file my_file_33.txt (compact mmCIF, C-alpha atoms)
# COMPACT_ATOMS: atom_id res chain seq x y z
CA MET G 1 0.00 0.00 0.00
CA GLN G 2 1.82 3.10 -1.12
CA GLU G 3 1.29 6.43 0.51
CA HIS G 4 -0.55 9.13 -1.32
CA ARG G 5 0.43 12.66 -0.55
CA SER G 6 -1.67 15.77 -0.77
CA ILE G 7 -0.79 18.49 -3.21
CA LEU G 8 0.51 20.76 -0.48
CA TYR G 9 2.96 18.29 1.03
CA GLY G 10 5.77 18.75 -1.48
CA PRO G 11 5.71 22.55 -1.83
CA ILE G 12 5.36 23.39 1.85
CA ASN G 13 8.10 21.03 2.95
CA ALA G 14 10.37 22.19 0.12
CA LEU G 15 9.83 25.76 1.28
CA LEU G 16 10.57 24.86 4.90
CA ILE G 17 13.67 22.92 3.97
CA ARG G 18 14.89 25.86 1.94
CA LEU G 19 14.26 28.17 4.87
CA PHE G 20 15.49 26.04 7.73
CA GLY G 21 17.56 23.26 6.22
CA GLU G 22 16.80 19.60 6.76
CA PRO G 23 15.04 18.40 9.88
CA PRO G 24 17.55 17.88 12.69
CA ILE G 25 17.05 14.15 13.02
CA ASP G 26 20.67 13.38 13.82
CA ARG G 27 20.77 15.64 16.83
CA LEU G 28 17.72 14.16 18.54
CA PRO G 29 17.22 10.76 20.23
CA PRO G 30 15.61 8.29 17.79
CA GLY G 31 12.26 8.13 19.59
CA VAL G 32 11.89 11.89 19.74
CA ALA G 33 13.06 12.26 16.15
CA HIS G 34 10.46 9.78 14.94
CA PHE G 35 7.75 11.45 16.98
CA PHE G 36 8.31 14.95 15.68
CA PHE G 37 9.50 14.16 12.18
CA PRO G 38 7.78 10.93 11.20
CA ASP G 39 8.80 11.22 7.57
CA GLY G 40 12.49 11.43 8.32
CA LYS G 41 14.70 13.87 6.58
CA GLU G 42 12.31 14.72 3.79
CA ALA G 43 9.63 16.61 5.67
CA TRP G 44 9.34 19.08 8.49
CA ILE G 45 5.56 18.78 8.68
CA PRO G 46 3.83 15.45 7.91
CA ASP G 47 0.93 15.33 5.52
CA THR G 48 -1.67 14.87 8.24
CA ALA G 49 -0.59 18.03 10.06
CA ILE G 50 -0.63 20.04 6.85
CA MET G 51 -4.15 18.87 6.09
CA THR G 52 -5.31 19.65 9.63
CA LEU G 53 -3.85 23.14 9.41
CA LEU G 54 -5.50 23.61 6.05
CA LEU G 55 -8.83 22.54 7.51
CA VAL G 56 -8.46 24.99 10.37
CA ALA G 57 -7.53 27.74 7.91
CA VAL G 58 -10.57 27.00 5.74
CA MET G 59 -12.85 27.08 8.77
CA ALA G 60 -11.24 30.28 10.02
CA VAL G 61 -12.00 31.91 6.69
CA ILE G 62 -15.49 30.59 5.99
CA PHE G 63 -17.20 31.04 9.33
CA PRO G 64 -16.26 34.65 10.14
CA LEU G 65 -17.21 35.62 6.59
CA ALA G 66 -20.56 33.94 7.04
CA ALA G 67 -21.03 35.60 10.40
CA ARG G 68 -20.28 38.99 8.93
CA ARG G 69 -23.19 38.62 6.54
CA PHE G 70 -25.56 37.54 9.26
CA ASP G 71 -28.95 39.11 8.70
CA ARG G 72 -31.78 38.16 10.96
CA ASP G 73 -34.61 39.17 8.65
CA ARG G 74 -33.32 38.17 5.24
CA PRO G 75 -30.96 35.24 5.61
CA GLY G 76 -28.89 34.33 2.62
CA PRO G 77 -28.24 30.75 1.47
CA VAL G 78 -25.04 30.28 3.45
CA GLN G 79 -26.68 31.48 6.61
CA ASN G 80 -29.65 29.21 6.02
CA PHE G 81 -27.41 26.22 5.59
CA LEU G 82 -25.35 26.98 8.66
CA GLU G 83 -28.47 27.57 10.72
CA MET G 84 -29.74 24.19 9.58
CA VAL G 85 -26.49 22.59 10.73
CA VAL G 86 -26.60 24.35 14.08
CA SER G 87 -30.21 23.43 14.73
CA PHE G 88 -29.43 19.81 13.83
CA LEU G 89 -26.56 19.81 16.32
CA ARG G 90 -28.68 21.45 18.97
CA GLY G 91 -31.31 18.76 18.50
CA LEU G 92 -28.62 16.11 18.81
CA VAL G 93 -27.29 17.52 22.07
CA GLU G 94 -30.67 18.17 23.60
CA GLU G 95 -32.04 14.73 22.86
CA SER G 96 -28.98 13.01 24.35
CA ILE G 97 -28.38 15.08 27.44
CA ASP G 98 -31.21 15.65 29.85
CA GLY G 99 -31.41 18.75 31.88
CA HIS G 100 -31.82 22.40 31.25
CA GLU G 101 -28.12 23.09 30.87
CA SER G 102 -27.65 20.87 27.86
CA ARG G 103 -27.01 23.89 25.64
CA ALA G 104 -23.71 24.42 27.45
CA TYR G 105 -22.35 21.28 25.83
CA LEU G 106 -23.22 22.37 22.32
CA PRO G 107 -20.00 24.27 21.43
CA LEU G 108 -17.53 21.42 21.78
CA ILE G 109 -19.81 18.70 20.44
CA GLY G 110 -20.76 20.89 17.51
CA ALA G 111 -17.13 21.72 16.86
CA LEU G 112 -16.22 18.03 16.91
CA PHE G 113 -18.97 17.29 14.40
CA ILE G 114 -17.98 20.09 12.03
CA PHE G 115 -14.27 19.35 12.24
CA ILE G 116 -14.71 15.64 11.65
CA ALA G 117 -17.29 16.11 8.89
CA MET G 118 -15.19 18.61 6.97
CA GLY G 119 -12.04 16.61 7.59
CA ASN G 120 -13.62 13.44 6.26
CA LEU G 121 -14.96 15.30 3.25
CA PHE G 122 -11.39 16.20 2.32
CA GLY G 123 -11.11 12.59 1.26
CA ILE G 124 -13.40 13.20 -1.71
CA PHE G 125 -10.92 15.46 -3.41
CA PHE G 126 -8.04 13.89 -5.25
CA PHE G 127 -5.52 16.55 -4.30
CA LEU G 128 -6.19 16.36 -0.56
CA GLN G 129 -5.86 13.72 2.12
CA PRO G 130 -8.36 13.45 4.94
CA PRO G 131 -6.73 14.47 8.22
CA THR G 132 -8.84 11.89 10.04
CA GLY G 133 -7.27 9.20 7.87
CA SER G 134 -4.37 9.14 10.27
CA LEU G 135 -4.38 7.67 13.74
CA SER G 136 -2.79 10.82 15.15
CA THR G 137 -5.79 13.03 14.48
CA THR G 138 -8.42 10.55 15.58
CA VAL G 139 -6.68 9.68 18.84
CA ALA G 140 -6.30 13.41 19.52
CA LEU G 141 -10.02 13.94 18.93
CA ALA G 142 -10.93 10.97 21.09
CA LEU G 143 -8.68 12.27 23.88
CA VAL G 144 -10.39 15.65 23.66
CA ALA G 145 -13.77 13.97 24.03
CA PHE G 146 -12.45 11.79 26.89
CA ILE G 147 -11.06 14.74 28.84
CA TYR G 148 -14.25 16.68 28.12
CA PHE G 149 -16.72 14.21 29.51
CA ASN G 150 -14.55 13.30 32.47
CA ALA G 151 -14.00 16.94 33.33
CA HIS G 152 -17.72 17.62 33.24
CA GLY G 153 -18.41 14.57 35.35
CA ILE G 154 -15.90 15.72 37.95
CA ARG G 155 -17.25 19.25 37.81
CA GLU G 156 -20.79 18.03 38.37
CA HIS G 157 -20.23 15.45 41.09
CA GLY G 158 -16.84 16.27 42.56
CA LEU G 159 -13.94 13.87 42.21
CA GLY G 160 -15.10 11.50 44.94
CA GLY G 161 -18.67 11.53 43.77
CA TYR G 162 -17.63 10.88 40.20
CA LEU G 163 -15.49 7.93 41.22
CA LYS G 164 -18.35 6.61 43.28
CA HIS G 165 -20.27 6.18 40.05
CA PHE G 166 -17.74 3.56 39.08
CA MET G 167 -18.39 1.52 42.14
CA GLY G 168 -21.60 0.04 40.92
CA PRO G 169 -24.85 -0.68 42.68
CA MET G 170 -23.61 -2.79 45.57
CA LEU G 171 -20.66 -2.22 47.84
CA VAL G 172 -19.75 -5.91 47.90
CA ILE G 173 -18.73 -6.11 44.27
CA ALA G 174 -17.29 -2.61 44.22
CA PRO G 175 -13.61 -3.56 43.55
CA LEU G 176 -14.45 -5.75 40.57
CA PHE G 177 -16.99 -3.30 39.25
CA PHE G 178 -14.56 -0.42 39.59
CA VAL G 179 -11.99 -2.17 37.42
CA ILE G 180 -14.57 -3.11 34.83
CA GLU G 181 -16.00 0.38 34.64
CA LEU G 182 -12.53 1.91 34.46
CA ILE G 183 -11.56 -0.35 31.58
CA GLY G 184 -14.85 0.46 29.89
CA VAL G 185 -14.28 4.17 30.13
CA CYS G 186 -10.73 3.91 28.85
CA ALA G 187 -11.94 1.66 26.04
CA ARG G 188 -14.14 4.52 24.89
CA VAL G 189 -11.07 6.42 23.75
CA LEU G 190 -9.89 3.42 21.77
CA SER G 191 -13.26 2.74 20.24
CA LEU G 192 -13.94 6.34 19.23
CA SER G 193 -10.54 6.80 17.65
CA LEU G 194 -10.32 3.41 15.96
CA ARG G 195 -13.83 3.55 14.57
CA LEU G 196 -13.26 6.91 12.91
CA PHE G 197 -9.76 6.08 11.71
CA MET G 198 -10.57 2.68 10.25
CA ASN G 199 -13.68 3.93 8.49
CA ILE G 200 -11.98 6.83 6.80
CA PHE G 201 -8.66 5.10 6.15
CA GLY G 202 -10.42 2.02 4.82
CA GLU G 203 -12.66 3.99 2.47
CA HIS G 204 -9.78 6.09 1.26
CA THR G 205 -7.49 3.14 0.67
CA THR G 206 -10.20 1.12 -1.07
CA THR G 207 -11.04 4.06 -3.31
CA ASN G 208 -7.37 4.42 -4.19
CA VAL G 209 -7.13 0.73 -5.03
CA PHE G 210 -10.21 0.91 -7.25
CA ALA G 211 -8.93 4.07 -8.91
CA SER G 212 -5.59 2.48 -9.63
CA LEU G 213 -7.32 -0.42 -11.35
CA VAL G 214 -10.01 1.40 -13.36
CA PRO G 215 -9.76 5.17 -13.03
CA ILE G 216 -13.07 6.27 -14.54
CA VAL G 217 -16.34 4.79 -13.32
CA VAL G 218 -15.49 2.08 -10.84
CA PRO G 219 -14.37 4.28 -7.91
CA TRP G 220 -17.66 6.21 -7.93
CA PRO G 221 -19.71 3.82 -5.76
CA MET G 222 -16.90 3.71 -3.22
CA MET G 223 -16.66 7.49 -3.28
CA ALA G 224 -20.42 7.79 -2.75
CA LEU G 225 -20.12 5.39 0.15
CA GLY G 226 -17.20 7.46 1.42
CA LEU G 227 -19.33 10.60 1.26
CA PHE G 228 -22.10 8.92 3.24
CA THR G 229 -19.61 7.47 5.72
CA ALA G 230 -17.93 10.84 6.21
CA LEU G 231 -21.07 12.49 7.50
CA LEU G 232 -22.27 9.41 9.36
CA GLN G 233 -19.00 8.94 11.25
CA ALA G 234 -18.97 12.58 12.27
CA TYR G 235 -22.55 12.23 13.50
CA VAL G 236 -21.73 9.07 15.44
CA PHE G 237 -18.65 10.61 17.04
CA ALA G 238 -20.60 13.64 18.20
CA LEU G 239 -23.55 11.51 19.33
CA LEU G 240 -21.36 9.17 21.35
CA THR G 241 -19.57 12.10 22.97
CA ALA G 242 -22.96 13.54 23.93
CA VAL G 243 -24.05 10.18 25.32
CA TYR G 244 -20.85 9.87 27.36
CA VAL G 245 -21.30 13.39 28.71
CA SER G 246 -24.88 12.61 29.65
CA GLY G 247 -23.73 9.43 31.40
CA ALA G 248 -21.08 11.29 33.33
CA VAL G 249 -23.27 14.20 34.33
CA ALA G 250 -26.42 12.27 35.07
CA HIS G 251 -28.02 12.62 38.46
CA GLU G 252 -29.68 9.35 39.21
CA GLU G 253 -32.72 9.47 41.38
CA HIS G 254 -33.03 6.28 43.41
CA MET M 1 -34.25 -31.60 -7.52
CA LEU M 2 -33.09 -30.57 -4.09
CA LYS M 3 -31.60 -33.99 -3.48
CA LYS M 4 -29.69 -33.77 -6.75
CA ARG M 5 -28.23 -30.41 -5.74
CA VAL M 6 -27.22 -31.70 -2.32
CA VAL M 7 -25.51 -34.71 -3.85
CA PHE M 8 -23.69 -32.52 -6.34
CA ALA M 9 -22.51 -30.15 -3.62
CA LEU M 10 -21.24 -33.02 -1.47
CA LEU M 11 -19.45 -34.48 -4.47
CA ALA M 12 -17.77 -31.16 -5.15
CA LEU M 13 -16.62 -30.93 -1.55
CA VAL M 14 -15.26 -34.46 -1.55
CA LEU M 15 -13.41 -33.94 -4.79
CA ALA M 16 -11.85 -30.77 -3.41
CA VAL M 17 -10.10 -32.65 -0.62
CA PRO M 18 -7.01 -33.52 -2.71
CA ALA M 19 -6.54 -29.80 -3.26
CA PHE M 20 -6.09 -29.36 0.48
CA ALA M 21 -3.31 -31.89 0.43
CA GLN M 22 -1.40 -29.58 -1.87
CA GLU M 23 -1.71 -26.66 0.49
CA PRO M 24 1.49 -26.88 2.50
CA THR M 25 3.67 -26.84 -0.57
CA GLY M 26 1.54 -24.18 -2.24
CA ALA M 27 1.42 -21.69 0.59
CA THR M 28 5.07 -21.70 1.53
CA GLY M 29 6.75 -18.41 1.18
CA ALA M 30 10.35 -17.63 0.62
CA SER M 31 11.05 -18.38 4.27
CA GLY M 32 10.02 -21.98 3.72
CA GLY M 33 7.08 -22.46 6.12
CA VAL M 34 3.32 -22.29 5.90
CA LYS M 35 2.25 -18.66 6.17
CA TRP M 36 -0.06 -19.07 9.11
CA GLY M 37 -0.22 -15.33 9.54
CA VAL M 38 -1.78 -14.68 6.17
CA ILE M 39 -4.18 -17.61 6.53
CA GLY M 40 -5.14 -16.41 10.01
CA ALA M 41 -5.74 -12.89 8.80
CA ALA M 42 -7.92 -14.08 5.94
CA VAL M 43 -10.00 -16.38 8.16
CA LEU M 44 -10.35 -13.65 10.80
CA LEU M 45 -11.57 -11.09 8.33
CA GLY M 46 -13.96 -13.51 6.67
CA LEU M 47 -15.52 -14.49 9.99
CA ALA M 48 -15.74 -10.89 11.16
CA ALA M 49 -17.35 -9.75 7.95
CA ALA M 50 -19.84 -12.64 8.03
CA ALA M 51 -20.81 -12.01 11.64
CA GLY M 52 -21.04 -8.27 11.06
CA ALA M 53 -23.18 -8.67 7.98
CA THR M 54 -25.56 -11.04 9.80
CA ALA M 55 -25.93 -8.64 12.71
CA GLN M 56 -26.45 -5.63 10.48
CA GLY M 57 -29.01 -7.50 8.42
CA ARG M 58 -31.00 -8.32 11.52
CA ALA M 59 -30.76 -4.75 12.79
CA THR M 60 -31.91 -3.30 9.48
CA SER M 61 -34.80 -5.74 9.18
CA ALA M 62 -35.99 -4.97 12.69
CA ALA M 63 -35.75 -1.26 11.94
CA ALA M 64 -37.74 -1.63 8.75
CA ASP M 65 -40.39 -3.61 10.63
CA GLY M 66 -40.61 -0.94 13.29
CA MET M 67 -40.88 1.86 10.79
CA ALA M 68 -43.56 0.00 8.87
CA ARG M 69 -45.67 -0.59 11.95
CA ASN M 70 -45.32 2.92 13.29
CA PRO M 71 -44.46 5.48 10.62
CA GLY M 72 -44.70 8.32 13.12
CA ALA M 73 -41.68 7.01 15.00
CA ALA M 74 -39.62 6.69 11.83
CA LYS M 75 -37.26 9.51 12.70
CA ASP M 76 -36.37 8.10 16.10
CA ILE M 77 -36.04 4.59 14.75
CA ARG M 78 -33.78 5.82 11.98
CA GLY M 79 -31.47 7.55 14.43
CA MET M 80 -31.16 4.50 16.64
CA THR M 81 -30.71 2.23 13.64
CA LEU M 82 -27.82 4.26 12.27
CA LEU M 83 -26.14 4.28 15.66
CA GLY M 84 -26.56 0.54 16.02
CA LEU M 85 -25.26 -0.16 12.53
CA VAL M 86 -22.20 1.98 13.10
CA LEU M 87 -21.43 0.27 16.40
CA ILE M 88 -21.68 -3.17 14.79
CA GLU M 89 -19.53 -2.02 11.90
CA SER M 90 -16.89 -0.73 14.25
CA LEU M 91 -16.38 -4.25 15.59
CA VAL M 92 -15.77 -5.52 12.07
CA LEU M 93 -13.32 -2.69 11.57
CA TYR M 94 -11.35 -3.72 14.66
CA ALA M 95 -10.83 -7.08 12.96
CA LEU M 96 -9.71 -5.28 9.82
CA LEU M 97 -7.20 -3.36 11.89
CA ILE M 98 -5.74 -6.58 13.26
CA CYS M 99 -5.49 -7.88 9.70
CA PHE M 100 -3.59 -4.78 8.68
CA LEU M 101 -1.25 -5.30 11.61
CA ILE M 102 -0.70 -8.95 10.72
CA TYR M 103 -0.26 -8.17 7.06
CA GLY M 104 2.07 -5.29 7.61
CA LYS M 105 4.42 -7.05 9.96
call {"tool": "encode", "arguments": {"input": "my_file_33.txt", "output": "structure tokens"}}
result
Amino acid sequence: MQEHRSILYGPINALLIRLFGEPPIDRLPPGVAHFFFPDGKEAWIPDTAIMTLLLVAVMAVIFPLAARRFDRDRPGPVQNFLEMVVSFLRGLVEESIDGHESRAYLPLIGALFIFIAMGNLFGIFFFLQPPTGSLSTTVALALVAFIYFNAHGIREHGLGGYLKHFMGPMLVIAPLFFVIELIGVCARVLSLSLRLFMNIFGEHTTTNVFASLVPIVVPWPMMALGLFTALLQAYVFALLTAVYVSGAVAHEEH
Amino acid sequence: MLKKRVVFALLALVLAVPAFAQEPTGATGASGGVKWGVIGAAVLLGLAAAAGATAQGRATSAAADGMARNPGAAKDIRGMTLLGLVLIESLVLYALLICFLIYGK
């Protein structure tokens, strides 16, 4: 399976090498050198990071421009579309999280959805790579979600109260239950990140294989499936984060 | 007619047994042993895909039943169905990940 690079990978790294010379791999310990410069001497910034930065740049351009043209009485098409997206996300958050403060969780969950959806949609274009097609991005997103729901659980119940949720219904089986619950919560990071990564990486790789065999018509069903999967995986990531937040914040009435 | 098909299928299976006897010499790689890793990866992925497809088929059929009985609840059923399908699919994808790891070693 050969690597495909985005169209920005070559030029940006050539520019950086011309400005700063080659990456200083020889002067760093091998583990650190591989962590910061995974492509070795040929690249300062790996392809995934370039695509993530591009995504952030695109979002930083589109959304303020759309906000500048915000008109309450005569919304334009962009505003209509964005309002549709926001109301969809608000419905998602409010149906998953009970309570009157569920709107407070909308910013991060909405941001996760939009980032992942737009990042996955990068995979449709031939000159871009999806940033979520790399384990780095998806594990980072899953860690953000993990820290988010744990922090809200601790904020809501206090550290002791939050840990008491792990103890289970009866005190007798508390040690065993605690271990099982802890493993379950840590497995959420793995499952969130691996699900997103394998879906996007698998679709992208399969599309590349089809395109290398028959470039014209045969990749289209896989690309349509990739389009559907892009939005669906973003929706599932955001939904699961909302469900985990609701589980962490829930006040059970006995 | 059914009996004829069953007999034919059994005959095909029986006649395929000599092909299995060739397997050790056919599947040896350059290192000279049977490539258990590749065989294991293939069997794993086949089983995972079969189990995943069965589970997703049952989930989709139950969802279609529910939506047919109660069209007003279609939106809620659709949301839960998509979530369920994605969770089942993620298990199949974990198996695919292991296959990548085996294959890439």
call {"tool": "closest_atom_pairs", "arguments": {"input": "my_file_33.txt", "of": "chain M", "to": "chain G", "cutoff": "7 Å", "atoms": "all atoms listed in the file", "output": "JSON lines"}}
result
{"residue": "M:Leu83", "atom": "CA", "partner": "G:Val236", "partner_atom": "CA", "distance": 6.5}
{"residue": "M:Ser90", "atom": "CA", "partner": "G:Arg195", "partner_atom": "CA", "distance": 5.3}
{"residue": "M:Leu93", "atom": "CA", "partner": "G:Met198", "partner_atom": "CA", "distance": 6.2}
call {"tool": "atom_distance", "arguments": {"input": "my_file_33.txt", "atom1": "atom CA of G:Leu89", "atom2": "atom CA of G:Val245"}}
result
14.9 Å
call {"tool": "atom_distance", "arguments": {"input": "my_file_33.txt", "atom1": "atom CA of G:Thr241", "atom2": "atom CA of G:Met222"}}
result
27.6 Å
call {"tool": "atom_distance", "arguments": {"input": "my_file_33.txt", "atom1": "atom CA of G:Glu95", "atom2": "atom CA of G:Ser246"}}
result
10.1 Å
call {"tool": "closest_residue", "arguments": {"input": "my_file_33.txt", "among": "M:Ala95, M:Ile88, M:Gly104, M:Ile77", "to": "M:Ala53", "atoms": "all atoms listed in the file"}}
result
M:Ile88
call {"tool": "closest_residue", "arguments": {"input": "my_file_33.txt", "among": "G:Leu163, G:Leu171, G:Ile25, G:Val85", "to": "G:Asn150", "atoms": "all atoms listed in the file"}}
result
G:Leu163
call {"tool": "closest_residue", "arguments": {"input": "my_file_33.txt", "among": "G:Ala238, G:Val218, G:Gly247, G:Trp44", "to": "G:Leu108", "atoms": "all atoms listed in the file"}}
result
G:Ala238
call {"tool": "closest_residue", "arguments": {"input": "my_file_33.txt", "among": "G:Ala248, G:Val243, G:Leu213, G:Leu65", "to": "G:Leu92", "atoms": "only C-alpha atoms"}}
result
G:Val243
